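S.K.: One structure follows; several queries about it will come next.
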Amino acid sequence: MPYVFDFDHAHKKPPMDMKDLLGGKGANLAEMSSVLGLPVPPGFTIGTTACRDYMDGGWPEGLTAEVARARARLEKTMGKRIGDPVDPLLVSVRSGAKFSMPGMMDTVLNLGLNDESVVGLAKQTDDERFAYDSYRRFVAMYGRIVLGLPGDEFDALLEAAKELAGTTSDAGVPVELLRYLVDAYQQIVERHTGQPFPQDPDLQLRGAIEAVFASWNGPRAIAYRVRERIPHDLGTAVNVQAMVFGNRDDTSGTGVGFTRDPATGATGEYGDFLVNAQGEDVVAGIRNTEPLSALKDRFPAIHRELLSIFDRLEAHYRDMCDTEFTIEQGKLWMLQTRVGKRTGRAALKMAVDMVGEKVIHLSREEALQRITGDHLDQVLHPQFDSTGHTVLATGLGASPGAAVGRVYLTADDAQAAAERGEKVVLVRNETSPEDVHGMLAAEGILTARGGLVSHAAVVARGWGKPAVVGAEAVRVADSSFTVGDTVVHRGDWISVDGTTGTVVLGQVPVSEGRTPPEFETILGWADDIRAGHLGVRANADNGPDAANARRHGAEGIGLCRTEHMFLAEDRLPIVRSMILASEPAEEEAALEALRVAQRADFVEILEAMDGLPVTIRLLDPPLHEFLPDTGELAVKEATTGLTAEEERLFEAAKAWHEVNPMLGTRGVRLGVIKPGLYAMQVRALMEAAFDRVAAGGHPIVEIMIPLTVSREEMALARTWVEAAIAEARAASAVPGPGMRPAAKGSRSRGSSAPAGSLEVLIGTMIETPRAALRAGEIAEEADFFSFGTNDLTQMTFGFSRDDVEGRMMSAYLEQGLLKRNPFEVVDPDGVGELVRLGVQRGRATRPDLKVGVCGEHGGDPESISTFARAGLDYVSCSPFRVPIARLAAAQAVLAGDTGAAPATRPTATGRAKATKAAKTAKAAKAATTTKASTKPAKRAAKAVTGSGGRTRR
Ligand code: PEP
Ligand code: MG
């Protein structure tokens, strides 16, 4: 296959579908030239294969000859030659990867100028100043980009020339000084490289192409790809294009135009332009631009032509396009187009509008595929109102949204300040359950350490509170924190953006997250598409969070971490007295007090989720998490001394201390050594369920055992749960028949039972590789599985979920050792393989095994696609991610991940057929696995409100 393609090459398929090869820019230039016949300056694209071959083994064989032939064709078309001393053709050499990476790679303009051709250009244009200005720009650009020389040497000379000329603008430098600059710039080149500035256009061209290839692996480009999740091995295409000049005179100009408003989605053109200017002047913002509408007065014919091109582009791409154009002496040239980037609000409006538009006429499925999780995030959460702030530090964007507040460095200080009415950002090295009250009081959270499933990240996401975690440059002290030389004191204002992970000193204006009406429309379509294929639940630990999750469209709770109920101020002392108990009676009394408190919590949750399944996980964390920090107590012991109570707690904390608590006495292991604990939790839960039944409700309870690794463990846990259920039932006034049996082998799955009845399942989390591998035997004792992919990732990779992201993850991502942070996007090959195995083996034993996921990955679109392909029934995520998961689940169905892909562009009737086809495919799949079909749960009301409550990891 050739490396080089002219823009008007007759490709076998539409060039706009060939971005893998031609890159985004090249594909669209080819589409505009060869398909749409728009006025595009001619040129050619060197495909991404050449860049990949270059990265593998240096300059590809045969490329020189292909470039020479393409150059000859270009020169023929233009009737001019590059480097010609009489009438030279100038070209630009620009990068253009498959995914746009604005400003991350290199560009060389005005290529082809040399000491002779500059004279020809001056004559041809009758503008010596223009010619020498172009030449000086070229030498500096080439010097910097191709030869790697320090740009400030060129800049210093230009500044000196301006001073000499008594001007502050580049345009004020007279031609004599420009000539001098060209000369001086060439001397810089010679001094650094030992060679004269290359005069041969072939050499210039090869150097520029090679520089663009090399810029693919420049540090800026690598960092951008890591952030944007773009694979490192794609390579970039290179576009060589005849130059046109918007800075020739007042009949020239340049601008950018959008076919609709990219900020609001409003119809009608949008953009700006500058008369007598080059593209970089528009982007650099040196001169004030004029709105596109002013083009109508200045250049009415061009304005008309441009609008008709906009119409054609929209009709052709069936989407909003952005363009760059240049007017050279009264002639319009289209330099670039692409499907335009847009805000979340605009994306929603355009997608819904275009479904109803005659020309574009999107199907709902297509409209859905145009919306991303980031678009929804933007409308759900507050955002920084403007860009271009000086970034103080960056970390991981752990929980989206922007927050502005005064810095407080302890949870107590944060809480006290919030109570005084201050807005607070809590800054900590990392957070722990003991900081929860401060986190709750804060507008936003910043931590120096920790990763995406660290305590701070999980808790903040659960509450929809903006958080930046693992900002390594932040050094936290007692009453201030520093970043390099900057000291930020307690009480100073900072702003954090949990979407991008940036921290800014001072108060950045923030716009409120407001969902436009199209938000509900799009999610309604998403729910229709995924119904019966992939459910979406929420991780919620209390009534308000559960109600909030339901408003966001959650179809149940996939994980209630009951330990969070133990952390409330009134519960912690009881938990501690249970841990400290030396006599059985003492322990029983504490458990009894906890039972009463938990029962009330469960009633609230079951009420909020009435008629929908609620998965309650029995206690998971090691008990020392409920005890004070041993380090702090040791300091206190050595200084002010401990109270008798503190001494007891210190002793207990030391006794429960473990070297590796994540792999220690937690989960079901805790139940084994303290069986009374789980029995108490189940009794509280069942009593709550009976209360709800008595009130005419319809609780659906799923009792979940954490961290099981074997059938024996699960069988034992099941006996405790069943005994506690029987006990609760015996003590209940609610008649037995309403309750579906919790006994082994129960096939109960849905929400079809009438109000006033009760359904109970007993299942387990699958959180260790062993559990996934032995899923077949564990399923003998479990009615359902829920994959805990936080722990499963930790244990599969052997990566500490609390440590590795801060320290080594960025190096791993930059060096391509990992494609994604596996705590953010589930590893499809390793962890994904364990999930697939677990599902297969579990369902081989129990074909109707209900399977979900409740790790943080449950709210990540890419991971949702992996889970859909593994055959999961539902995903569960934090309440604020629920809308994103609903969208991603529908997109997974459309992509065929659930084994059922509706056609991509059906009409109204087509859509009905597609949905039917999807259902048939799903049914076929169900038949082969003899899995009963899932009844789509009732979709809940979806309004966006704040939340409160308690949570932990
Ligand atoms: C998990 O491990 O994925 C999980 C959901 O449990 P936790 O995060 O509470 O350990
Ligand atoms: Mg876990």
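By convention in this document, the chains of the structure tokens carry letters A, B, ... by their order, each chain's residues are numbered from 1, and ligands are numbered from 1 in the order they are shown.
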Quick one: which chain A residues come within 8 Å of ligand 2, and what is the nearest atom pair for each with the distance in Å to one decimal, counting only C-alpha atoms and all ligand atoms, rows ordered by chain and ascending number, as CSV?

M.R.:
residue,atom,partner,partner_atom_place_in_ligand_line,distance
A:Asp620,CA,ligand 2,1 (Mg),7.5
A:Pro706,CA,ligand 2,1 (Mg),7.1
A:Leu707,CA,ligand 2,1 (Mg),6.9
A:Met765,CA,ligand 2,1 (Mg),7.9
A:Glu767,CA,ligand 2,1 (Mg),6.2
A:Gly788,CA,ligand 2,1 (Mg),5.2
A:Thr789,CA,ligand 2,1 (Mg),7.3
A:Asn790,CA,ligand 2,1 (Mg),5.9
A:Asp791,CA,ligand 2,1 (Mg),4.7
A:Leu792,CA,ligand 2,1 (Mg),7.6
A:Gly855,CA,ligand 2,1 (Mg),7.3

S.K.: Write a file of the just-selected residues containing N, CA and C atoms, as an mmCIF file, in the first residue's frame.

M.R.:
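Here's the written file again-v8.cif:
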data_model
loop_
_atom_site.group_PDB
_atom_site.id
_atom_site.type_symbol
_atom_site.label_atom_id
_atom_site.label_comp_id
_atom_site.auth_asym_id
_atom_site.auth_seq_id
_atom_site.Cartn_x
_atom_site.Cartn_y
_atom_site.Cartn_z
ATOM 1 N N ASP A 620 -17.501 -5.252 55.902
ATOM 2 C CA ASP A 620 -16.336 -5.633 55.093
ATOM 3 C C ASP A 620 -14.981 -5.215 55.658
ATOM 4 N N PRO A 706 -19.187 -10.325 51.683
ATOM 5 C CA PRO A 706 -17.986 -9.812 51.017
ATOM 6 C C PRO A 706 -16.792 -10.765 51.073
ATOM 7 N N LEU A 707 -15.970 -10.695 50.030
ATOM 8 C CA LEU A 707 -14.624 -11.296 49.992
ATOM 9 C C LEU A 707 -14.572 -12.820 50.124
ATOM 10 N N MET A 765 -19.925 -11.243 46.942
ATOM 11 C CA MET A 765 -19.054 -10.477 46.073
ATOM 12 C C MET A 765 -17.973 -11.403 45.543
ATOM 13 N N GLU A 767 -14.318 -10.894 44.560
ATOM 14 C CA GLU A 767 -13.332 -9.817 44.669
ATOM 15 C C GLU A 767 -11.894 -10.306 44.603
ATOM 16 N N GLY A 788 -16.612 -7.219 42.733
ATOM 17 C CA GLY A 788 -16.002 -6.053 43.385
ATOM 18 C C GLY A 788 -14.687 -5.789 42.680
ATOM 19 N N THR A 789 -14.767 -4.998 41.616
ATOM 20 C CA THR A 789 -13.586 -4.871 40.757
ATOM 21 C C THR A 789 -12.512 -3.960 41.346
ATOM 22 N N ASN A 790 -12.835 -3.245 42.434
ATOM 23 C CA ASN A 790 -11.761 -2.476 43.086
ATOM 24 C C ASN A 790 -10.762 -3.456 43.688
ATOM 25 N N ASP A 791 -11.278 -4.360 44.507
ATOM 26 C CA ASP A 791 -10.382 -5.349 45.111
ATOM 27 C C ASP A 791 -9.871 -6.334 44.072
ATOM 28 N N LEU A 792 -10.726 -6.691 43.126
ATOM 29 C CA LEU A 792 -10.287 -7.671 42.122
ATOM 30 C C LEU A 792 -9.114 -7.096 41.311
ATOM 31 N N GLY A 855 -17.870 -2.448 41.729
ATOM 32 C CA GLY A 855 -16.636 -1.665 41.884
ATOM 33 C C GLY A 855 -16.810 -0.324 41.189
#

S.K.: Output as JSON, numbers by chain all residues of region 270-386 of chain A that backbone DSSP marks as alpha helix (DSSP H).

M.R.: {"A": [279, 280, 281, 282, 283, 284, 295, 296, 297, 298, 300, 301, 302, 303, 304, 305, 306, 307, 308, 309, 310, 311, 312, 313, 314, 315, 316, 317, 344, 345, 346, 347, 348, 349, 350, 351, 352, 353, 354, 355, 356, 364, 365, 366, 367, 368, 369, 373, 374, 375, 376, 377, 378, 379, 380]}

S.K.: Those selected residues, please, written with C-alpha atoms and delivered as a compact mmCIF listing (two decimals), in the first residue's frame.

M.R.:
# COMPACT_ATOMS: atom_id res chain seq x y z
CA GLY A 279 -4.63 31.92 11.00
CA GLU A 280 -2.23 32.06 13.90
CA ASP A 281 -3.25 35.70 14.54
CA VAL A 282 -6.85 34.56 15.13
CA VAL A 283 -5.81 31.78 17.45
CA ALA A 284 -3.21 33.86 19.32
CA LEU A 295 -18.32 39.15 7.08
CA LYS A 296 -21.66 39.88 5.46
CA ASP A 297 -20.88 43.58 5.28
CA ARG A 298 -17.21 43.25 4.44
CA PRO A 300 -21.01 39.74 1.05
CA ALA A 301 -20.32 37.25 -1.75
CA ILE A 302 -17.82 35.33 0.36
CA HIS A 303 -20.28 35.32 3.24
CA ARG A 304 -22.94 33.76 1.02
CA GLU A 305 -20.48 31.21 -0.33
CA LEU A 306 -19.34 30.30 3.17
CA LEU A 307 -22.89 29.80 4.43
CA SER A 308 -23.75 27.59 1.53
CA ILE A 309 -20.60 25.55 2.26
CA PHE A 310 -21.72 25.30 5.89
CA ASP A 311 -25.07 23.90 4.74
CA ARG A 312 -23.35 21.37 2.55
CA LEU A 313 -20.97 20.35 5.29
CA GLU A 314 -23.79 19.82 7.79
CA ALA A 315 -25.84 17.83 5.30
CA HIS A 316 -22.81 15.76 4.38
CA TYR A 317 -21.37 15.08 7.84
CA GLY A 344 -22.17 19.09 27.03
CA ARG A 345 -25.15 21.40 26.80
CA ALA A 346 -24.62 21.95 23.07
CA ALA A 347 -24.09 18.24 22.45
CA LEU A 348 -27.44 17.39 24.04
CA LYS A 349 -29.32 20.12 22.22
CA MET A 350 -27.81 19.32 18.83
CA ALA A 351 -28.40 15.59 19.18
CA VAL A 352 -32.06 16.03 20.07
CA ASP A 353 -32.61 18.82 17.50
CA MET A 354 -31.05 16.78 14.71
CA VAL A 355 -33.43 13.88 15.29
CA GLY A 356 -36.24 16.21 14.32
CA ARG A 364 -32.39 8.18 18.19
CA GLU A 365 -29.66 5.56 18.23
CA GLU A 366 -27.34 7.84 16.30
CA ALA A 367 -28.20 10.76 18.55
CA LEU A 368 -27.32 8.68 21.59
CA GLN A 369 -23.98 7.73 20.16
CA GLY A 373 -20.17 10.59 29.61
CA ASP A 374 -18.14 13.81 29.75
CA HIS A 375 -21.01 15.72 28.12
CA LEU A 376 -23.39 14.50 30.82
CA ASP A 377 -20.84 15.23 33.53
CA GLN A 378 -20.61 18.80 32.32
CA VAL A 379 -24.29 19.49 32.70
CA LEU A 380 -24.57 17.61 35.98

S.K.: Which residue, A:Ala730, A:Met809, A:Ala608, A:Val458, has the smallest gap to ligand 1 when you use only C-alpha atoms and all ligand atoms?

M.R.: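 The shortest atom-to-atom distance to ligand 1 comes from A:Val458.
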
S.K.: Nearest residue to Arg220 (chain A) out of A:Gly664, A:Gly103, A:Gly631, A:Pro14, using only C-alpha atoms?

M.R.: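 Of the candidates, the smallest distance to Arg220 (chain A) is held by A:Gly103.
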
S.K.: So how far away is CA of Phe130 (chain A) from CA of Ala68 (chain A), in Å?

M.R.: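 CA of Phe130 (chain A) lies 28.1 Å from CA of Ala68 (chain A).
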
S.K.: For Asn276 (chain A), work out the shell of residues within 8 Å, counting only C-alpha atoms and skipping chain neighbours fewer than 3 positions away, then give it as a list of chain:residue names.

M.R.: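 Selected residues are A:Gly246, A:Asn247, A:Arg248, A:Asp249, A:Asp250, A:Thr251, A:Ser252, A:Gly253, A:Thr254.
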
S.K.: Got time to write the residues from that selection, all heavy atoms, as a PDB file, in the first residue's frame?

M.R.:
ATOM      1  N   GLY A 246      -3.846  34.878   3.970  1.00  0.00           N
ATOM      2  CA  GLY A 246      -4.902  35.819   4.362  1.00  0.00           C
ATOM      3  C   GLY A 246      -4.337  37.171   4.739  1.00  0.00           C
ATOM      4  O   GLY A 246      -5.076  38.094   5.068  1.00  0.00           O
ATOM      5  N   ASN A 247      -2.996  37.258   4.677  1.00  0.00           N
ATOM      6  CA  ASN A 247      -2.374  38.517   5.102  1.00  0.00           C
ATOM      7  C   ASN A 247      -1.762  39.267   3.916  1.00  0.00           C
ATOM      8  O   ASN A 247      -0.780  39.977   4.063  1.00  0.00           O
ATOM      9  CB  ASN A 247      -1.311  38.251   6.175  1.00  0.00           C
ATOM     10  CG  ASN A 247      -0.267  37.254   5.718  1.00  0.00           C
ATOM     11  OD1 ASN A 247      -0.479  36.529   4.746  1.00  0.00           O
ATOM     12  ND2 ASN A 247       0.850  37.213   6.407  1.00  0.00           N
ATOM     13  N   ARG A 248      -2.376  39.057   2.730  1.00  0.00           N
ATOM     14  CA  ARG A 248      -1.826  39.743   1.556  1.00  0.00           C
ATOM     15  C   ARG A 248      -2.201  41.216   1.535  1.00  0.00           C
ATOM     16  O   ARG A 248      -1.416  42.078   1.215  1.00  0.00           O
ATOM     17  CB  ARG A 248      -2.321  39.052   0.275  1.00  0.00           C
ATOM     18  CG  ARG A 248      -1.702  37.709   0.008  1.00  0.00           C
ATOM     19  CD  ARG A 248      -0.256  37.839  -0.413  1.00  0.00           C
ATOM     20  NE  ARG A 248      -0.128  38.427  -1.721  1.00  0.00           N
ATOM     21  CZ  ARG A 248      -0.135  37.731  -2.853  1.00  0.00           C
ATOM     22  NH1 ARG A 248      -0.238  36.423  -2.812  1.00  0.00           N
ATOM     23  NH2 ARG A 248      -0.019  38.332  -4.012  1.00  0.00           N
ATOM     24  N   ASP A 249      -3.467  41.497   1.834  1.00  0.00           N
ATOM     25  CA  ASP A 249      -3.943  42.885   1.763  1.00  0.00           C
ATOM     26  C   ASP A 249      -5.343  42.954   2.374  1.00  0.00           C
ATOM     27  O   ASP A 249      -5.796  41.974   2.982  1.00  0.00           O
ATOM     28  CB  ASP A 249      -3.982  43.372   0.304  1.00  0.00           C
ATOM     29  CG  ASP A 249      -4.723  42.378  -0.588  1.00  0.00           C
ATOM     30  OD1 ASP A 249      -5.662  41.721  -0.075  1.00  0.00           O
ATOM     31  OD2 ASP A 249      -4.375  42.229  -1.764  1.00  0.00           O
ATOM     32  N   ASP A 250      -6.030  44.076   2.179  1.00  0.00           N
ATOM     33  CA  ASP A 250      -7.353  44.208   2.813  1.00  0.00           C
ATOM     34  C   ASP A 250      -8.466  43.473   2.082  1.00  0.00           C
ATOM     35  O   ASP A 250      -9.626  43.516   2.514  1.00  0.00           O
ATOM     36  CB  ASP A 250      -7.716  45.698   2.985  1.00  0.00           C
ATOM     37  CG  ASP A 250      -6.969  46.280   4.170  1.00  0.00           C
ATOM     38  OD1 ASP A 250      -6.400  45.460   4.949  1.00  0.00           O
ATOM     39  OD2 ASP A 250      -6.930  47.509   4.311  1.00  0.00           O
ATOM     40  N   THR A 251      -8.140  42.793   0.993  1.00  0.00           N
ATOM     41  CA  THR A 251      -9.161  41.928   0.381  1.00  0.00           C
ATOM     42  C   THR A 251      -8.915  40.483   0.831  1.00  0.00           C
ATOM     43  O   THR A 251      -9.436  39.543   0.254  1.00  0.00           O
ATOM     44  CB  THR A 251      -9.133  41.988  -1.164  1.00  0.00           C
ATOM     45  OG1 THR A 251      -7.885  41.425  -1.601  1.00  0.00           O
ATOM     46  CG2 THR A 251      -9.292  43.413  -1.661  1.00  0.00           C
ATOM     47  N   SER A 252      -8.087  40.344   1.820  1.00  0.00           N
ATOM     48  CA  SER A 252      -7.753  39.010   2.344  1.00  0.00           C
ATOM     49  C   SER A 252      -8.137  38.942   3.821  1.00  0.00           C
ATOM     50  O   SER A 252      -8.362  39.968   4.461  1.00  0.00           O
ATOM     51  CB  SER A 252      -6.246  38.757   2.208  1.00  0.00           C
ATOM     52  OG  SER A 252      -5.827  38.973   0.879  1.00  0.00           O
ATOM     53  N   GLY A 253      -8.179  37.737   4.313  1.00  0.00           N
ATOM     54  CA  GLY A 253      -8.516  37.579   5.731  1.00  0.00           C
ATOM     55  C   GLY A 253      -8.541  36.105   6.088  1.00  0.00           C
ATOM     56  O   GLY A 253      -8.346  35.231   5.232  1.00  0.00           O
ATOM     57  N   THR A 254      -8.803  35.858   7.344  1.00  0.00           N
ATOM     58  CA  THR A 254      -8.830  34.467   7.776  1.00  0.00           C
ATOM     59  C   THR A 254      -9.776  34.332   8.964  1.00  0.00           C
ATOM     60  O   THR A 254     -10.002  35.308   9.692  1.00  0.00           O
ATOM     61  CB  THR A 254      -7.401  34.005   8.145  1.00  0.00           C
ATOM     62  OG1 THR A 254      -7.408  32.610   8.355  1.00  0.00           O
ATOM     63  CG2 THR A 254      -6.886  34.680   9.396  1.00  0.00           C
TER      64      THR A 254
END

S.K.: Could you go through region 517-766 of chain A and tell me which residues DSSP, when run on the backbone, assigns to strand (DSSP E), listing them as a list in words?

M.R.: Gly535, Val536, Arg537, Ala538, Asn539, Ile557, Gly558, Leu559, Cys560, Arg561, Pro613, Val614, Thr615, Ile616, Arg617, Ile700, Val701, Glu702, Ile703, Met704, Ile705, Glu759, Val760, Leu761, Ile762, Gly763, Thr764, Met765 and Ile766 of chain A

S.K.: So how many Å separate CA of His361 (chain A) and CA of Arg318 (chain A), to one decimal?

M.R.: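 That distance, rounded to one decimal, is 8.0 Å.
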
S.K.: Write out as a CSV table (one decimal) with all heavy atoms, in the first residue's frame which residues come within 10 Å of Ala393 (chain A) when counting only C-alpha atoms, dropping same-chain ones fewer than 2 positions away.

M.R.:
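File out_14.csv, as written:
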chain,number,residue,atom,x,y,z
A,390,THR,N,-3.9,30.0,35.8
A,390,THR,CA,-2.6,29.5,36.1
A,390,THR,C,-2.8,28.3,37.0
A,390,THR,O,-3.4,28.4,38.1
A,390,THR,CB,-1.8,30.6,36.8
A,390,THR,OG1,-1.9,31.7,36.0
A,390,THR,CG2,-0.4,30.1,36.9
A,391,VAL,N,-2.4,27.2,36.6
A,391,VAL,CA,-2.6,25.9,37.4
A,391,VAL,C,-1.5,25.8,38.5
A,391,VAL,O,-0.4,25.9,38.2
A,391,VAL,CB,-2.6,24.7,36.4
A,391,VAL,CG1,-2.6,23.4,37.2
A,391,VAL,CG2,-3.7,24.8,35.4
A,395,GLY,N,-3.7,16.8,39.7
A,395,GLY,CA,-3.7,15.5,40.3
A,395,GLY,C,-4.7,14.7,39.5
A,395,GLY,O,-5.0,15.0,38.3
A,448,ALA,N,-3.0,15.0,48.5
A,448,ALA,CA,-1.7,14.9,47.9
A,448,ALA,C,-1.4,13.4,47.4
A,448,ALA,O,-0.7,13.2,46.5
A,448,ALA,CB,-0.7,15.3,48.9
A,468,VAL,N,-10.0,16.3,43.7
A,468,VAL,CA,-8.7,16.1,43.0
A,468,VAL,C,-7.9,15.3,44.0
A,468,VAL,O,-7.7,15.7,45.1
A,468,VAL,CB,-8.0,17.4,42.7
A,468,VAL,CG1,-6.7,17.1,42.0
A,468,VAL,CG2,-8.9,18.2,41.7
A,471,ALA,N,-2.4,14.7,44.1
A,471,ALA,CA,-1.7,15.8,43.5
A,471,ALA,C,-0.3,15.8,44.2
A,471,ALA,O,-0.1,16.4,45.2
A,471,ALA,CB,-2.5,17.1,43.8
A,472,GLU,N,0.6,15.1,43.6
A,472,GLU,CA,1.9,14.8,44.2
A,472,GLU,C,2.7,16.0,44.6
A,472,GLU,O,3.5,15.9,45.5
A,472,GLU,CB,2.7,14.0,43.2
A,472,GLU,CG,2.2,12.6,42.9
A,472,GLU,CD,3.0,11.5,43.6
A,472,GLU,OE1,4.1,11.3,43.1
A,472,GLU,OE2,2.6,11.0,44.7
A,473,ALA,N,2.5,17.1,43.8
A,473,ALA,CA,3.3,18.3,44.1
A,473,ALA,C,2.9,19.0,45.4
A,473,ALA,O,3.6,19.9,45.9
A,473,ALA,CB,3.3,19.3,42.9
A,474,VAL,N,1.8,18.6,45.9
A,474,VAL,CA,1.2,19.3,47.1
A,474,VAL,C,1.9,18.7,48.3
A,474,VAL,O,1.9,17.5,48.6
A,474,VAL,CB,-0.3,19.1,47.2
A,474,VAL,CG1,-0.8,19.5,48.5
A,474,VAL,CG2,-1.0,19.9,46.0
A,482,THR,N,2.2,23.6,50.5
A,482,THR,CA,3.1,24.2,49.5
A,482,THR,C,3.1,23.4,48.2
A,482,THR,O,2.9,22.2,48.2
A,482,THR,CB,4.5,24.3,50.0
A,482,THR,OG1,5.0,23.0,50.3
A,482,THR,CG2,4.7,25.2,51.2
A,483,VAL,N,3.3,24.2,47.1
A,483,VAL,CA,3.5,23.6,45.8
A,483,VAL,C,4.7,24.3,45.3
A,483,VAL,O,4.6,25.5,45.0
A,483,VAL,CB,2.3,23.8,44.9
A,483,VAL,CG1,2.6,23.2,43.5
A,483,VAL,CG2,1.1,23.2,45.4
A,484,GLY,N,5.9,23.7,45.2
A,484,GLY,CA,7.1,24.4,44.9
A,484,GLY,C,7.3,25.5,45.9
A,484,GLY,O,7.3,25.3,47.1
A,496,VAL,N,-10.8,24.0,42.9
A,496,VAL,CA,-10.4,22.7,42.4
A,496,VAL,C,-11.4,22.3,41.3
A,496,VAL,O,-12.6,22.5,41.4
A,496,VAL,CB,-10.3,21.6,43.5
A,496,VAL,CG1,-9.2,21.9,44.5
A,496,VAL,CG2,-11.7,21.5,44.2
A,501,GLY,N,-8.8,17.6,37.1
A,501,GLY,CA,-7.7,17.4,38.1
A,501,GLY,C,-6.9,18.6,38.4
A,501,GLY,O,-5.8,18.5,38.9
A,502,THR,N,-7.4,19.8,38.0
A,502,THR,CA,-6.5,21.0,38.3
A,502,THR,C,-6.9,21.7,39.5
A,502,THR,O,-8.0,21.7,40.0
A,502,THR,CB,-6.7,22.0,37.1
A,502,THR,OG1,-8.0,22.1,36.8
A,502,THR,CG2,-5.9,21.5,35.9
A,503,VAL,N,-5.8,22.3,40.1
A,503,VAL,CA,-6.0,23.1,41.3
A,503,VAL,C,-5.5,24.5,41.0
A,503,VAL,O,-4.4,24.7,40.4
A,503,VAL,CB,-5.1,22.6,42.4
A,503,VAL,CG1,-5.3,23.4,43.7
A,503,VAL,CG2,-5.5,21.1,42.7
A,504,VAL,N,-6.3,25.6,41.3
A,504,VAL,CA,-5.9,26.9,40.9
A,504,VAL,C,-6.0,27.8,42.2
A,504,VAL,O,-6.9,27.6,43.1
A,504,VAL,CB,-7.0,27.5,39.9
A,504,VAL,CG1,-6.7,28.9,39.6
A,504,VAL,CG2,-6.9,26.6,38.6
A,505,LEU,N,-5.0,28.7,42.4
A,505,LEU,CA,-5.0,29.5,43.5
A,505,LEU,C,-6.1,30.6,43.3
A,505,LEU,O,-6.2,31.2,42.2
A,505,LEU,CB,-3.6,30.2,43.6
A,505,LEU,CG,-3.2,30.8,45.0
A,505,LEU,CD1,-3.3,29.7,46.1
A,505,LEU,CD2,-1.7,31.3,44.8

S.K.: Name the closest residue to Ser876 (chain A) among the candidates A:Gly798, A:Gly506, A:Gly763, A:Gly556; distances are taken between atoms, counting only C-alpha atoms.

M.R.: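 Counting only C-alpha atoms, the residue closest to Ser876 (chain A) is A:Gly556.
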
S.K.: Between A:Phe787, A:Phe880, A:Phe245, A:Phe797, which has the minimum distance to ligand 1 (counting only C-alpha atoms and all ligand atoms)?

M.R.: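 Among the listed residues, A:Phe787 lies closest to ligand 1.
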
S.K.: Please identify all polymer residues within 7 Å of region 109-124 of chain A, counting only C-alpha atoms, omitting same-chain residues fewer than 2 positions from it, and present them as a list in words.

M.R.: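 After dropping sequence-adjacent residues, the list is Ile82, Gly83, Asp84, Pro85, Val86, Asp87, Pro88, Leu89, Leu90, Val91, Ser92, Val93, Thr107, Asp126, Asp127, Glu128, Ala131, Tyr132, Ser134, Tyr135, Phe138, Gln199 and Pro201 of chain A.
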
S.K.: May I ask which of the residues A:Val427, A:Leu559, A:Ala723, A:Leu335 is the closest one to ligand 1, counting only C-alpha atoms and all ligand atoms?

M.R.: A:Leu559

S.K.: Between CA of Ile222 (chain A) and CA of Gln383 (chain A), measure the distance and give it in Å to one decimal.

M.R.: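 Separation between CA of Ile222 (chain A) and CA of Gln383 (chain A): 25.9 Å.
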
S.K.: Pick out the closest residue to Thr630 (chain A) from this set: A:Asp829, A:Pro613, A:Thr793, A:Ala655. Count only C-alpha atoms.

M.R.: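 Answer, going by the shortest atom-to-atom distance: A:Ala655.
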
S.K.: Please provide as a ChimeraX atom specification all residues within 12 Å of Leu887 (chain A), with the sequence filter that same-chain residues fewer than 4 positions apart are discarded (counting only C-alpha atoms).

M.R.: /A:365,367-377,519-531,534-536,552-553,859-862,864-865,881-883,891-894

S.K.: May I have the residues within 12 Å of Asp183 (chain A) as a VMD selection string, using only C-alpha atoms and disregarding those fewer than 6 positions away in the same chain?

M.R.: chain A and resid 114 to 115 132 135 to 136 139 to 140 154 157 176 to 177 189 to 190 196 to 197
